[in-house]
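Undergrad: Quick one: the structure is below, and I'll ask about it shortly.
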Amino acid sequence: MKKWKAILGITAVFLLGMVAGGLVVGRVVIHRMQRVAHGGTLFTAEQITRYLGRRLDLDATQRAEVLKIVEKTQAEIQQARQAAEPAVREAVRGAVGDVRAVLRPDQQEKFNQLVTERFLKGR
């Protein structure tokens, strides 16, 4: 009997660890995706440069040049996103209105909460 309790205890600890790890990873992924969705980048210029430096065995001069290129590109992407943001916001606004129109009142309330949590957070 003691043997089974020990096995069940170890299994429970293992399963709880899996669940906790999954929740943490899920939260990190959601955070990163929200950051990207709101105009940020998934990785910083330094992270990209470090990755390329390791994979391509860049020397210090090359790393400095690559960092400048990545920073310049991220700034250009940010400008392009800012230019497109009004059209994107209008498209999302239209989609939200269209979805809301097909929902029952109780669903509309939940939908409003989802929209506020997911799309208006951090704005």
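Ordering of the structure tokens sets the chain letters (A, B, ...); residue numbers start at 1 within each chain; ligands are numbered from 1 in the order shown.
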What lies within 10 Å of Glu71 in chain A using only C-alpha atoms, ignoring chain neighbours under 2 positions off, as a VMD selection string?

TA: chain A and resid 44 to 46 48 to 49 65 to 69 73 to 77

Undergrad: With C-alpha atoms retained, write the just-selected residues as a short mmCIF file (atom, residue, chain, number, x, y, z; two decimals), in the first residue's frame.

TA:
data_model
loop_
_atom_site.label_atom_id
_atom_site.label_comp_id
_atom_site.auth_asym_id
_atom_site.auth_seq_id
_atom_site.Cartn_x
_atom_site.Cartn_y
_atom_site.Cartn_z
CA THR A 44 14.77 42.68 -29.74
CA ALA A 45 17.50 43.73 -32.13
CA GLU A 46 20.07 42.46 -29.63
CA ILE A 48 18.37 38.74 -33.25
CA THR A 49 21.98 39.86 -33.51
CA GLU A 65 26.98 46.19 -38.45
CA VAL A 66 24.24 43.55 -38.22
CA LEU A 67 22.88 45.22 -35.08
CA LYS A 68 22.66 48.57 -36.94
CA ILE A 69 20.87 46.88 -39.86
CA THR A 73 14.83 47.54 -40.19
CA GLN A 74 12.80 47.37 -36.98
CA ALA A 75 12.37 51.16 -37.10
CA GLU A 76 11.17 50.92 -40.73
CA ILE A 77 8.74 48.14 -39.81
#

Undergrad: Have a look at A:Val29, A:Val96, A:Ile7, A:Val102 and name the one nearest to Leu114 in chain A; count only C-alpha atoms.

TA: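 Using only C-alpha atoms, Leu114 in chain A sits closest to A:Val96.
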
Undergrad: CA of Gln79 in chain A to CA of Phe43 in chain A: how many Å, to one decimal?

TA: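 Rounded to one decimal, the two atoms are 17.1 Å apart.
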
Undergrad: Tell me, as a list in words, which residues lie within 8 Å of Arg63 in chain A, counting only C-alpha atoms; anything in the same chain fewer than 5 positions away does not count.

TA: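 Surrounding residues, per the criterion: Thr49, Arg50, Gly53 and Leu58 of chain A.
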
Undergrad: For N, CA, C and O atoms, I'd like the residues from the last selection saved as a PDB file, in the first residue's frame.

TA:
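So part15.pdb came out as:
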ATOM      1  N   THR A  49      20.553  39.776 -33.209  1.00  0.00           N
ATOM      2  CA  THR A  49      21.983  39.865 -33.513  1.00  0.00           C
ATOM      3  C   THR A  49      22.767  38.773 -32.791  1.00  0.00           C
ATOM      4  O   THR A  49      23.669  38.166 -33.376  1.00  0.00           O
ATOM      5  N   ARG A  50      22.425  38.500 -31.542  1.00  0.00           N
ATOM      6  CA  ARG A  50      23.085  37.423 -30.790  1.00  0.00           C
ATOM      7  C   ARG A  50      22.873  36.074 -31.484  1.00  0.00           C
ATOM      8  O   ARG A  50      23.805  35.289 -31.642  1.00  0.00           O
ATOM      9  N   GLY A  53      24.827  35.997 -34.642  1.00  0.00           N
ATOM     10  CA  GLY A  53      26.240  35.918 -34.284  1.00  0.00           C
ATOM     11  C   GLY A  53      26.672  34.502 -33.959  1.00  0.00           C
ATOM     12  O   GLY A  53      27.740  34.043 -34.391  1.00  0.00           O
ATOM     13  N   LEU A  58      29.804  35.381 -36.329  1.00  0.00           N
ATOM     14  CA  LEU A  58      30.164  36.752 -36.690  1.00  0.00           C
ATOM     15  C   LEU A  58      31.245  37.284 -35.762  1.00  0.00           C
ATOM     16  O   LEU A  58      31.245  37.002 -34.562  1.00  0.00           O
TER      17      LEU A  58
END

Undergrad: Rounded to one decimal, what separation in Å do you get between CA of Val115 in chain A and CA of Gly97 in chain A?

TA: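 Computing the Euclidean distance for CA of Val115 in chain A and CA of Gly97 in chain A yields 11.0 Å.
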
Undergrad: So how many Å separate CA of Ala95 in chain A and CA of Gln113 in chain A, to one decimal?

TA: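 Spanning CA of Ala95 in chain A to CA of Gln113 in chain A is a straight-line distance of 15.5 Å.
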